[in-house]
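Structure data follow from upload.pdb (PDB, C-alpha atoms and all ligand atoms):
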```pdb
ATOM      1  CA  MET A1221       0.404 189.011 116.728
ATOM      2  CA  ASN A1222      -3.130 189.833 115.632
ATOM      3  CA  LEU A1223      -6.357 187.951 115.165
ATOM      4  CA  ILE A1224      -9.087 189.084 112.789
ATOM      5  CA  VAL A1225     -12.554 187.552 112.781
ATOM      6  CA  ALA A1226     -16.277 188.204 112.356
ATOM      7  CA  VAL A1227     -18.455 186.765 115.141
ATOM      8  CA  ASP A1228     -22.132 186.784 116.014
ATOM      9  CA  ASN A1229     -23.664 187.241 119.480
ATOM     10  CA  ASN A1230     -22.671 183.659 120.376
ATOM     11  CA  TRP A1231     -19.115 184.052 119.076
ATOM     12  CA  ALA A1232     -19.986 181.814 116.152
ATOM     13  CA  VAL A1233     -17.662 182.121 113.149
ATOM     14  CA  GLY A1234     -18.850 179.646 110.542
ATOM     15  CA  TYR A1235     -21.514 177.398 109.163
ATOM     16  CA  ASN A1236     -21.220 174.452 106.795
ATOM     17  CA  GLY A1237     -17.644 175.284 105.812
ATOM     18  CA  GLY A1238     -18.413 178.906 105.015
ATOM     19  CA  LEU A1239     -18.923 182.265 106.663
ATOM     20  CA  LEU A1240     -21.989 183.095 108.758
ATOM     21  CA  THR A1241     -23.271 185.770 106.424
ATOM     22  CA  TYR A1242     -22.126 188.066 103.647
ATOM     23  CA  LEU A1243     -21.182 191.559 104.751
ATOM     24  CA  PRO A1244     -19.758 193.415 101.745
ATOM     25  CA  GLY A1245     -18.409 196.208 103.968
ATOM     26  CA  ASP A1246     -16.323 193.774 105.998
ATOM     27  CA  LEU A1247     -14.303 192.530 103.020
ATOM     28  CA  PRO A1248     -12.409 195.799 102.317
ATOM     29  CA  TYR A1249     -11.811 196.102 106.070
ATOM     30  CA  PHE A1250     -10.255 192.615 106.167
ATOM     31  CA  LYS A1251      -8.240 193.395 103.037
ATOM     32  CA  GLU A1252      -6.946 196.693 104.389
ATOM     33  CA  LYS A1253      -5.800 195.091 107.633
ATOM     34  CA  THR A1254      -4.114 192.052 106.077
ATOM     35  CA  MET A1255      -2.693 193.289 102.746
ATOM     36  CA  ASP A1256       1.108 192.824 102.485
ATOM     37  CA  LYS A1257       1.026 191.025 105.848
ATOM     38  CA  ILE A1258       1.525 187.436 106.998
ATOM     39  CA  ILE A1259      -1.691 185.476 107.413
ATOM     40  CA  VAL A1260      -2.084 182.171 109.268
ATOM     41  CA  MET A1261      -5.025 179.856 108.590
ATOM     42  CA  GLY A1262      -6.196 176.286 108.993
ATOM     43  CA  ARG A1263      -6.454 173.932 106.035
ATOM     44  CA  LYS A1264     -10.271 174.072 106.174
ATOM     45  CA  THR A1265     -10.327 177.854 105.929
ATOM     46  CA  LEU A1266      -8.009 177.686 102.931
ATOM     47  CA  GLU A1267     -10.507 175.347 101.287
ATOM     48  CA  SER A1268     -13.302 177.849 101.950
ATOM     49  CA  LEU A1269     -11.520 180.622 100.024
ATOM     50  CA  PRO A1270     -12.323 181.353  96.355
ATOM     51  CA  ASN A1271     -11.005 178.366  94.345
ATOM     52  CA  GLY A1272      -9.415 177.070  97.565
ATOM     53  CA  LYS A1273      -6.363 179.234  96.861
ATOM     54  CA  PRO A1274      -4.161 181.405  99.099
ATOM     55  CA  LEU A1275      -5.010 185.091  99.295
ATOM     56  CA  LYS A1276      -3.022 187.340  96.969
ATOM     57  CA  GLY A1277      -0.657 190.030  98.211
ATOM     58  CA  ARG A1278      -0.090 188.303 101.538
ATOM     59  CA  LYS A1279       2.277 185.600 102.796
ATOM     60  CA  ASN A1280      -0.051 182.662 103.478
ATOM     61  CA  ILE A1281       0.789 180.127 106.171
ATOM     62  CA  ILE A1282      -1.414 177.021 106.221
ATOM     63  CA  LEU A1283      -1.697 174.649 109.186
ATOM     64  CA  THR A1284      -2.352 170.978 108.538
ATOM     65  CA  ARG A1285      -1.324 167.650 110.049
ATOM     66  CA  ASP A1286      -1.325 166.067 106.598
ATOM     67  CA  LYS A1287       2.294 165.666 105.445
ATOM     68  CA  ASP A1288       1.091 165.006 101.898
ATOM     69  CA  PHE A1289      -0.786 168.301 101.675
ATOM     70  CA  VAL A1290       0.477 170.537  98.887
ATOM     71  CA  CYS A1291      -0.429 174.130  98.116
ATOM     72  CA  GLU A1292       1.262 176.538  95.743
ATOM     73  CA  ASN A1293       2.206 179.996  96.971
ATOM     74  CA  ALA A1294       1.883 179.108 100.640
ATOM     75  CA  VAL A1295       4.066 177.968 103.498
ATOM     76  CA  ILE A1296       2.812 174.765 105.123
ATOM     77  CA  CYS A1297       3.268 174.198 108.856
ATOM     78  CA  TYR A1298       2.408 171.004 110.726
ATOM     79  CA  SER A1299       2.100 172.340 114.280
ATOM     80  CA  LYS A1300       1.541 175.494 116.302
ATOM     81  CA  ASP A1301       5.205 175.460 117.371
ATOM     82  CA  GLU A1302       6.319 175.316 113.762
ATOM     83  CA  VAL A1303       4.230 178.409 112.982
ATOM     84  CA  LEU A1304       5.660 180.249 115.989
ATOM     85  CA  GLU A1305       9.193 179.328 114.905
ATOM     86  CA  TYR A1306       8.588 180.343 111.284
ATOM     87  CA  ILE A1307       7.121 183.758 112.083
ATOM     88  CA  LYS A1308      10.094 184.756 114.262
ATOM     89  CA  GLN A1309      11.645 186.306 111.147
ATOM     90  CA  PHE A1310       8.765 188.803 110.904
ATOM     91  CA  ASN A1311       7.555 191.670 113.043
ATOM     92  CA  THR A1312       4.782 190.104 115.140
ATOM     93  CA  GLU A1313       2.634 193.194 114.432
ATOM     94  CA  ASP A1314       2.494 192.017 110.809
ATOM     95  CA  VAL A1315       1.124 188.547 111.570
ATOM     96  CA  PHE A1316      -2.653 187.938 111.429
ATOM     97  CA  ILE A1317      -4.495 184.787 112.486
ATOM     98  CA  ILE A1318      -7.374 184.596 109.991
ATOM     99  CA  GLY A1319      -9.202 181.418 111.023
ATOM    100  CA  GLY A1320     -11.001 179.215 111.326
ATOM    101  CA  SER A1321     -12.336 178.295 114.733
ATOM    102  CA  GLU A1322      -9.620 175.738 115.569
ATOM    103  CA  ILE A1323      -6.822 178.089 114.616
ATOM    104  CA  TYR A1324      -8.345 181.117 116.384
ATOM    105  CA  ASN A1325      -8.652 179.146 119.621
ATOM    106  CA  LEU A1326      -5.158 177.701 119.222
ATOM    107  CA  PHE A1327      -3.465 181.105 118.858
ATOM    108  CA  MET A1328      -5.770 183.392 120.851
ATOM    109  CA  ASN A1329      -3.461 183.608 123.872
ATOM    110  CA  GLU A1330      -0.504 184.440 121.645
ATOM    111  CA  CYS A1331      -2.255 187.490 120.168
ATOM    112  CA  ASN A1332      -2.038 190.963 121.623
ATOM    113  CA  LYS A1333      -4.677 192.501 119.355
ATOM    114  CA  ALA A1334      -7.941 191.075 118.048
ATOM    115  CA  TYR A1335      -9.924 192.833 115.331
ATOM    116  CA  ILE A1336     -13.427 191.571 115.964
ATOM    117  CA  THR A1337     -16.314 192.354 113.639
ATOM    118  CA  LYS A1338     -19.324 192.008 115.946
ATOM    119  CA  ILE A1339     -22.463 190.933 114.096
ATOM    120  CA  TYR A1340     -25.432 191.725 116.323
ATOM    121  CA  GLU A1341     -27.472 188.648 115.409
ATOM    122  CA  ILE A1342     -27.706 184.976 116.299
ATOM    123  CA  LEU A1343     -26.946 183.228 113.021
ATOM    124  CA  LYS A1344     -27.062 179.590 111.962
ATOM    125  CA  ALA A1345     -23.656 178.237 112.943
ATOM    126  CA  ASP A1346     -21.571 175.152 113.645
ATOM    127  CA  LYS A1347     -18.157 176.699 114.439
ATOM    128  CA  PHE A1348     -17.447 178.912 117.436
ATOM    129  CA  ILE A1349     -14.508 180.606 119.119
ATOM    130  CA  ASN A1350     -13.941 181.349 122.785
ATOM    131  CA  ASN A1351     -16.082 184.228 124.046
ATOM    132  CA  MET A1352     -13.473 186.935 124.592
ATOM    133  CA  ASP A1353     -15.871 188.986 126.728
ATOM    134  CA  LYS A1354     -15.612 186.178 129.295
ATOM    135  CA  LEU A1355     -11.809 186.027 129.226
ATOM    136  CA  ASN A1356     -10.322 188.398 131.806
ATOM    137  CA  ASN A1357      -7.235 189.270 129.799
ATOM    138  CA  TRP A1358      -9.077 191.012 126.950
ATOM    139  CA  GLU A1359     -10.456 194.540 126.968
ATOM    140  CA  ILE A1360     -12.229 196.492 124.247
ATOM    141  CA  THR A1361     -10.221 199.584 123.354
ATOM    142  CA  TRP A1362     -12.008 200.819 120.217
ATOM    143  CA  LYS A1363     -15.383 200.545 118.491
ATOM    144  CA  SER A1364     -16.360 201.871 115.068
ATOM    145  CA  ASP A1365     -19.656 203.517 114.261
ATOM    146  CA  MET A1366     -22.477 201.020 113.873
ATOM    147  CA  GLN A1367     -22.691 199.559 110.349
ATOM    148  CA  GLU A1368     -25.746 198.061 108.650
ATOM    149  CA  HIS A1369     -26.295 195.692 105.719
ATOM    150  CA  GLN A1370     -29.732 194.416 104.736
ATOM    151  CA  GLY A1371     -31.050 194.844 108.258
ATOM    152  CA  ILE A1372     -27.998 193.278 109.944
ATOM    153  CA  ASN A1373     -26.213 195.588 112.376
ATOM    154  CA  TYR A1374     -22.510 195.127 112.882
ATOM    155  CA  GLN A1375     -19.546 196.972 114.265
ATOM    156  CA  TRP A1376     -15.760 196.765 114.053
ATOM    157  CA  THR A1377     -14.069 196.506 117.446
ATOM    158  CA  LEU A1378     -10.538 196.169 118.734
ATOM    159  CA  TYR A1379      -9.750 193.942 121.715
ATOM    160  CA  GLU A1380      -6.353 194.218 123.390
ATOM    161  CA  ASN A1381      -4.697 191.558 125.505
ATOM    162  CA  LYS A1382      -3.713 193.070 128.859
ATOM    163  CA  CYS A1383      -1.349 190.152 129.578
ATOM    164  CA  ILE A1384       0.981 190.642 126.600
TER
HETATM  165  N1  LIG B1401     -15.961 184.479 110.777
HETATM  166  C1  LIG B1401     -14.732 184.579 110.291
HETATM  167  O1  LIG B1401     -14.148 185.654 110.320
HETATM  168  C2  LIG B1401     -14.075 183.355 109.721
HETATM  169  C3  LIG B1401     -12.760 183.416 109.262
HETATM  170  C4  LIG B1401     -12.168 182.252 108.780
HETATM  171  C5  LIG B1401     -12.894 181.076 108.723
HETATM  172  N2  LIG B1401     -14.171 181.071 109.161
HETATM  173  C6  LIG B1401     -14.965 179.829 109.127
HETATM  174  O2  LIG B1401     -14.396 178.863 110.008
HETATM  175  C7  LIG B1401     -14.767 177.558 109.522
HETATM  176  C8  LIG B1401     -13.522 176.708 109.419
HETATM  177  O3  LIG B1401     -12.976 176.547 110.735
HETATM  178  P1  LIG B1401     -12.581 175.107 111.280
HETATM  179  O4  LIG B1401     -12.350 175.244 112.736
HETATM  180  O5  LIG B1401     -13.551 174.098 110.786
HETATM  181  O6  LIG B1401     -11.220 174.796 110.492
HETATM  182  P2  LIG B1401      -9.821 175.590 110.417
HETATM  183  O7  LIG B1401      -9.457 176.105 111.772
HETATM  184  O8  LIG B1401      -9.826 176.531 109.279
HETATM  185  O9  LIG B1401      -8.850 174.396 110.002
HETATM  186  C9  LIG B1401      -8.790 173.234 110.791
HETATM  187  C10 LIG B1401      -7.655 172.385 110.269
HETATM  188  O10 LIG B1401      -6.404 173.002 110.605
HETATM  189  C11 LIG B1401      -5.445 171.978 110.845
HETATM  190  N3  LIG B1401      -5.021 172.096 112.228
HETATM  191  C12 LIG B1401      -5.725 172.444 113.325
HETATM  192  N4  LIG B1401      -4.970 172.441 114.428
HETATM  193  C13 LIG B1401      -3.737 172.050 114.031
HETATM  194  C14 LIG B1401      -2.510 171.845 114.703
HETATM  195  N5  LIG B1401      -2.401 172.029 116.043
HETATM  196  N6  LIG B1401      -1.437 171.441 113.993
HETATM  197  C15 LIG B1401      -1.533 171.249 112.660
HETATM  198  N7  LIG B1401      -2.676 171.445 111.942
HETATM  199  C16 LIG B1401      -3.749 171.829 112.633
HETATM  200  C17 LIG B1401      -6.135 170.646 110.578
HETATM  201  O11 LIG B1401      -5.965 170.402 109.189
HETATM  202  P3  LIG B1401      -5.934 168.898 108.562
HETATM  203  O12 LIG B1401      -7.310 168.361 108.771
HETATM  204  O13 LIG B1401      -5.565 169.123 107.138
HETATM  205  O14 LIG B1401      -4.879 168.146 109.331
HETATM  206  C18 LIG B1401      -7.590 170.987 110.865
HETATM  207  O15 LIG B1401      -8.514 170.121 110.260
HETATM  208  C19 LIG B1401     -15.462 177.765 108.192
HETATM  209  O16 LIG B1401     -16.853 177.722 108.388
HETATM  210  C20 LIG B1401     -14.996 179.148 107.778
HETATM  211  O17 LIG B1401     -15.887 179.807 106.898
HETATM  212  C21 LIG B1401     -14.773 182.170 109.663
END
```
Before anything else, please render the file you have as structure tokens.
Ligand SMILES: NC(=O)c1ccc[n+]([C@@H]2O[C@H](COP(=O)([O-])OP(=O)(O)OC[C@H]3O[C@@H](n4cnc5c(N)ncnc54)[C@H](OP(=O)(O)O)[C@@H]3O)[C@@H](O)[C@H]2O)c1
Amino acid sequence: MNLIVAVDNNWAVGYNGGLLTYLPGDLPYFKEKTMDKIIVMGRKTLESLPNGKPLKGRKNIILTRDKDFVCENAVICYSKDEVLEYIKQFNTEDVFIIGGSEIYNLFMNECNKAYITKIYEILKADKFINNMDKLNNWEITWKSDMQEHQGINYQWTLYENKCI
């Protein structure tokens, strides 16, 4: 299973229900990685998407504890175990955890690869994930060239879980 996320220097992922910043180059990267795949997200991340709708061209799995929650074109799961049971029918390489902070932290140990966009800034934030540089099981196995957008430097990296 994979995780894909953009973080700042403090491993922040969000502010006020939205992303930390707008990096146009990161969107095609996210799309390329997740297109035709299975994506898992929390109910709050779904609400942050354009029109609050599932992403096209992907099988969307939404986590909520609200049994009355309805969403067209998505599979709803009410617990981590239910997600893990549901995705057994797929190749785990095709499953991507796409946020937000609660869901990243919930599934981090289940993932063997993490596609981390590192934003080399400290941005205004209220949602964070565990600092993977401080977790012994993760190692960086790939880094892209440095990217830049309006003075913000960022880089795509791949972390691999040595314990899976
Ligand atoms: N930087 C990035 O790459 C990136 C990517 C995605 C999102 N984000 C950001 O992350 C923020 C949202 O993250 P968040 O942590 O607030 O919310 P979230 O993880 O998207 O969703 C949290 C919700 O998921 C449900 N949930 C959580 N654990 C559950 C469990 N064990 N069983 C069943 N349902 C469970 C609950 O929904 P109910 O309340 O409905 O029960 C909970 O309120 C936003 O700012 C967003 O922009 C950043």
Select from chain A every residue with an atom at most 6 Å from any atom of ligand LIG 1401 (chain B), then for each give the shortest pair of atoms and their distance in Å to one decimal, using only C-alpha atoms and all ligand atoms, rows by chain and rising number, as a Markdown table.
```
| residue | atom | partner | partner_atom | distance |
| --- | --- | --- | --- | --- |
| A:Val1225 | CA | B:LIG1401 | O1 | 3.5 |
| A:Ala1226 | CA | B:LIG1401 | O1 | 3.9 |
| A:Val1227 | CA | B:LIG1401 | N1 | 5.5 |
| A:Val1233 | CA | B:LIG1401 | N1 | 3.8 |
| A:Gly1234 | CA | B:LIG1401 | O16 | 3.5 |
| A:Tyr1235 | CA | B:LIG1401 | O16 | 4.7 |
| A:Asn1236 | CA | B:LIG1401 | O16 | 5.7 |
| A:Gly1237 | CA | B:LIG1401 | O16 | 3.6 |
| A:Gly1238 | CA | B:LIG1401 | O17 | 3.3 |
| A:Leu1239 | CA | B:LIG1401 | O17 | 3.9 |
| A:Met1261 | CA | B:LIG1401 | O8 | 5.9 |
| A:Gly1262 | CA | B:LIG1401 | O9 | 3.4 |
| A:Arg1263 | CA | B:LIG1401 | O9 | 4.7 |
| A:Lys1264 | CA | B:LIG1401 | O8 | 4.0 |
| A:Thr1265 | CA | B:LIG1401 | O8 | 3.6 |
| A:Ser1268 | CA | B:LIG1401 | O17 | 5.9 |
| A:Leu1283 | CA | B:LIG1401 | N7 | 4.3 |
| A:Thr1284 | CA | B:LIG1401 | N7 | 3.5 |
| A:Arg1285 | CA | B:LIG1401 | O14 | 3.7 |
| A:Asp1286 | CA | B:LIG1401 | O14 | 4.9 |
| A:Tyr1298 | CA | B:LIG1401 | C15 | 4.4 |
| A:Ser1299 | CA | B:LIG1401 | N6 | 3.7 |
| A:Lys1300 | CA | B:LIG1401 | N5 | 5.3 |
| A:Ile1318 | CA | B:LIG1401 | C4 | 5.5 |
| A:Gly1319 | CA | B:LIG1401 | C4 | 3.8 |
| A:Gly1320 | CA | B:LIG1401 | O3 | 3.4 |
| A:Ser1321 | CA | B:LIG1401 | O4 | 3.6 |
| A:Glu1322 | CA | B:LIG1401 | O7 | 3.8 |
| A:Ile1323 | CA | B:LIG1401 | O7 | 4.4 |
```
Non-local contacts of range 1272-1277 of chain A (6 Å; only C-alpha atoms; under 5 positions in same chain excluded) as JSON, numbers by chain: {"A": [1255, 1256, 1266, 1267]}
Residues within 12 Å of (-9.3, 192.6, 117.0), counting all atoms listed in the file, listed as JSON, numbers by chain: {"A": [1221, 1222, 1223, 1224, 1225, 1226, 1227, 1249, 1250, 1253, 1316, 1317, 1318, 1324, 1328, 1331, 1332, 1333, 1334, 1335, 1336, 1337, 1338, 1352, 1358, 1359, 1360, 1361, 1362, 1363, 1364, 1375, 1376, 1377, 1378, 1379, 1380, 1381]}
Expansion of the PyMOL selection byres (((chain A and resi 1291-1296) around 7) and not hetatm) into residues, as an NGL selection string: :A and (1274 or 1279-1283 or 1289-1290 or 1297-1298)
Those residues you just picked out, can you put them in a file as a PDB file, keeping the file's coordinate frame with C-alpha atoms?
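Now in part.pdb:
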```pdb
ATOM      1  CA  PRO A1274      -4.161 181.405  99.099  1.00  0.00           C
ATOM      2  CA  LYS A1279       2.277 185.600 102.796  1.00  0.00           C
ATOM      3  CA  ASN A1280      -0.051 182.662 103.478  1.00  0.00           C
ATOM      4  CA  ILE A1281       0.789 180.127 106.171  1.00  0.00           C
ATOM      5  CA  ILE A1282      -1.414 177.021 106.221  1.00  0.00           C
ATOM      6  CA  LEU A1283      -1.697 174.649 109.186  1.00  0.00           C
ATOM      7  CA  PHE A1289      -0.786 168.301 101.675  1.00  0.00           C
ATOM      8  CA  VAL A1290       0.477 170.537  98.887  1.00  0.00           C
ATOM      9  CA  CYS A1297       3.268 174.198 108.856  1.00  0.00           C
ATOM     10  CA  TYR A1298       2.408 171.004 110.726  1.00  0.00           C
TER      11      TYR A1298
END
```
CA of Leu1269 in chain A to CA of Asn1325 in chain A, straight-line distance in Å: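 So the answer is 19.9 Å.
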Where atoms are absent from range 1263-1297 of chain A, fill them in so it carries N, CA and C atoms, then output it as a compact mmCIF listing (two decimals), in the frame of the given file.
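Here's the written file result-v1.txt:
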```
# COMPACT_ATOMS: atom_id res chain seq x y z
N ARG A 1263 -6.22 174.52 107.36
CA ARG A 1263 -6.45 173.93 106.04
C ARG A 1263 -7.92 174.06 105.60
N LYS A 1264 -8.85 173.99 106.55
CA LYS A 1264 -10.27 174.07 106.17
C LYS A 1264 -10.64 175.48 105.73
N THR A 1265 -10.05 176.48 106.36
CA THR A 1265 -10.33 177.85 105.93
C THR A 1265 -9.75 178.09 104.54
N LEU A 1266 -8.56 177.56 104.29
CA LEU A 1266 -8.01 177.69 102.93
C LEU A 1266 -9.01 177.14 101.92
N GLU A 1267 -9.58 175.97 102.23
CA GLU A 1267 -10.51 175.35 101.29
C GLU A 1267 -11.78 176.16 101.10
N SER A 1268 -12.09 177.03 102.06
CA SER A 1268 -13.30 177.85 101.95
C SER A 1268 -13.07 179.12 101.12
N LEU A 1269 -11.82 179.39 100.78
CA LEU A 1269 -11.52 180.62 100.02
C LEU A 1269 -11.86 180.41 98.55
N PRO A 1270 -12.01 181.51 97.78
CA PRO A 1270 -12.32 181.35 96.36
C PRO A 1270 -11.32 180.44 95.66
N ASN A 1271 -11.81 179.39 95.02
CA ASN A 1271 -11.00 178.37 94.34
C ASN A 1271 -10.07 177.61 95.29
N GLY A 1272 -10.27 177.77 96.59
CA GLY A 1272 -9.41 177.07 97.56
C GLY A 1272 -7.97 177.51 97.51
N LYS A 1273 -7.74 178.77 97.07
CA LYS A 1273 -6.36 179.23 96.86
C LYS A 1273 -5.96 180.27 97.89
N PRO A 1274 -4.65 180.38 98.17
CA PRO A 1274 -4.16 181.40 99.10
C PRO A 1274 -4.56 182.81 98.65
N LEU A 1275 -4.62 183.72 99.60
CA LEU A 1275 -5.01 185.09 99.30
C LEU A 1275 -3.82 185.85 98.71
N LYS A 1276 -4.09 186.61 97.66
CA LYS A 1276 -3.02 187.34 96.97
C LYS A 1276 -2.50 188.51 97.81
N GLY A 1277 -1.24 188.85 97.58
CA GLY A 1277 -0.66 190.03 98.21
C GLY A 1277 -0.31 189.85 99.67
N ARG A 1278 -0.40 188.60 100.15
CA ARG A 1278 -0.09 188.30 101.54
C ARG A 1278 0.73 187.02 101.60
N LYS A 1279 1.58 186.88 102.61
CA LYS A 1279 2.28 185.60 102.80
C LYS A 1279 1.34 184.67 103.55
N ASN A 1280 0.92 183.60 102.90
CA ASN A 1280 -0.05 182.66 103.48
C ASN A 1280 0.66 181.52 104.18
N ILE A 1281 0.29 181.29 105.42
CA ILE A 1281 0.79 180.13 106.17
C ILE A 1281 -0.40 179.23 106.47
N ILE A 1282 -0.30 177.96 106.05
CA ILE A 1282 -1.41 177.02 106.22
C ILE A 1282 -1.02 175.95 107.25
N LEU A 1283 -1.92 175.71 108.19
CA LEU A 1283 -1.70 174.65 109.19
C LEU A 1283 -2.46 173.39 108.79
N THR A 1284 -1.73 172.29 108.78
CA THR A 1284 -2.35 170.98 108.54
C THR A 1284 -1.51 169.92 109.24
N ARG A 1285 -2.11 168.77 109.52
CA ARG A 1285 -1.32 167.65 110.05
C ARG A 1285 -0.99 166.66 108.94
N ASP A 1286 -1.47 166.96 107.75
CA ASP A 1286 -1.32 166.07 106.60
C ASP A 1286 0.00 166.36 105.88
N LYS A 1287 0.95 165.45 106.03
CA LYS A 1287 2.29 165.67 105.44
C LYS A 1287 2.25 165.61 103.91
N ASP A 1288 1.19 165.08 103.36
CA ASP A 1288 1.09 165.01 101.90
C ASP A 1288 0.41 166.24 101.31
N PHE A 1289 -0.04 167.14 102.17
CA PHE A 1289 -0.79 168.30 101.68
C PHE A 1289 0.14 169.21 100.87
N VAL A 1290 -0.32 169.60 99.69
CA VAL A 1290 0.48 170.54 98.89
C VAL A 1290 -0.37 171.76 98.53
N CYS A 1291 0.28 172.90 98.47
CA CYS A 1291 -0.43 174.13 98.12
C CYS A 1291 0.60 175.11 97.56
N GLU A 1292 0.35 175.57 96.36
CA GLU A 1292 1.26 176.54 95.74
C GLU A 1292 1.12 177.89 96.42
N ASN A 1293 2.20 178.62 96.44
CA ASN A 1293 2.21 180.00 96.97
C ASN A 1293 1.80 180.09 98.43
N ALA A 1294 2.15 179.07 99.20
CA ALA A 1294 1.88 179.11 100.64
C ALA A 1294 2.98 178.35 101.37
N VAL A 1295 3.15 178.70 102.62
CA VAL A 1295 4.07 177.97 103.50
C VAL A 1295 3.20 177.00 104.31
N ILE A 1296 3.60 175.75 104.37
CA ILE A 1296 2.81 174.76 105.12
C ILE A 1296 3.50 174.51 106.46
N CYS A 1297 2.73 174.54 107.53
CA CYS A 1297 3.27 174.20 108.86
C CYS A 1297 2.43 173.07 109.44
```
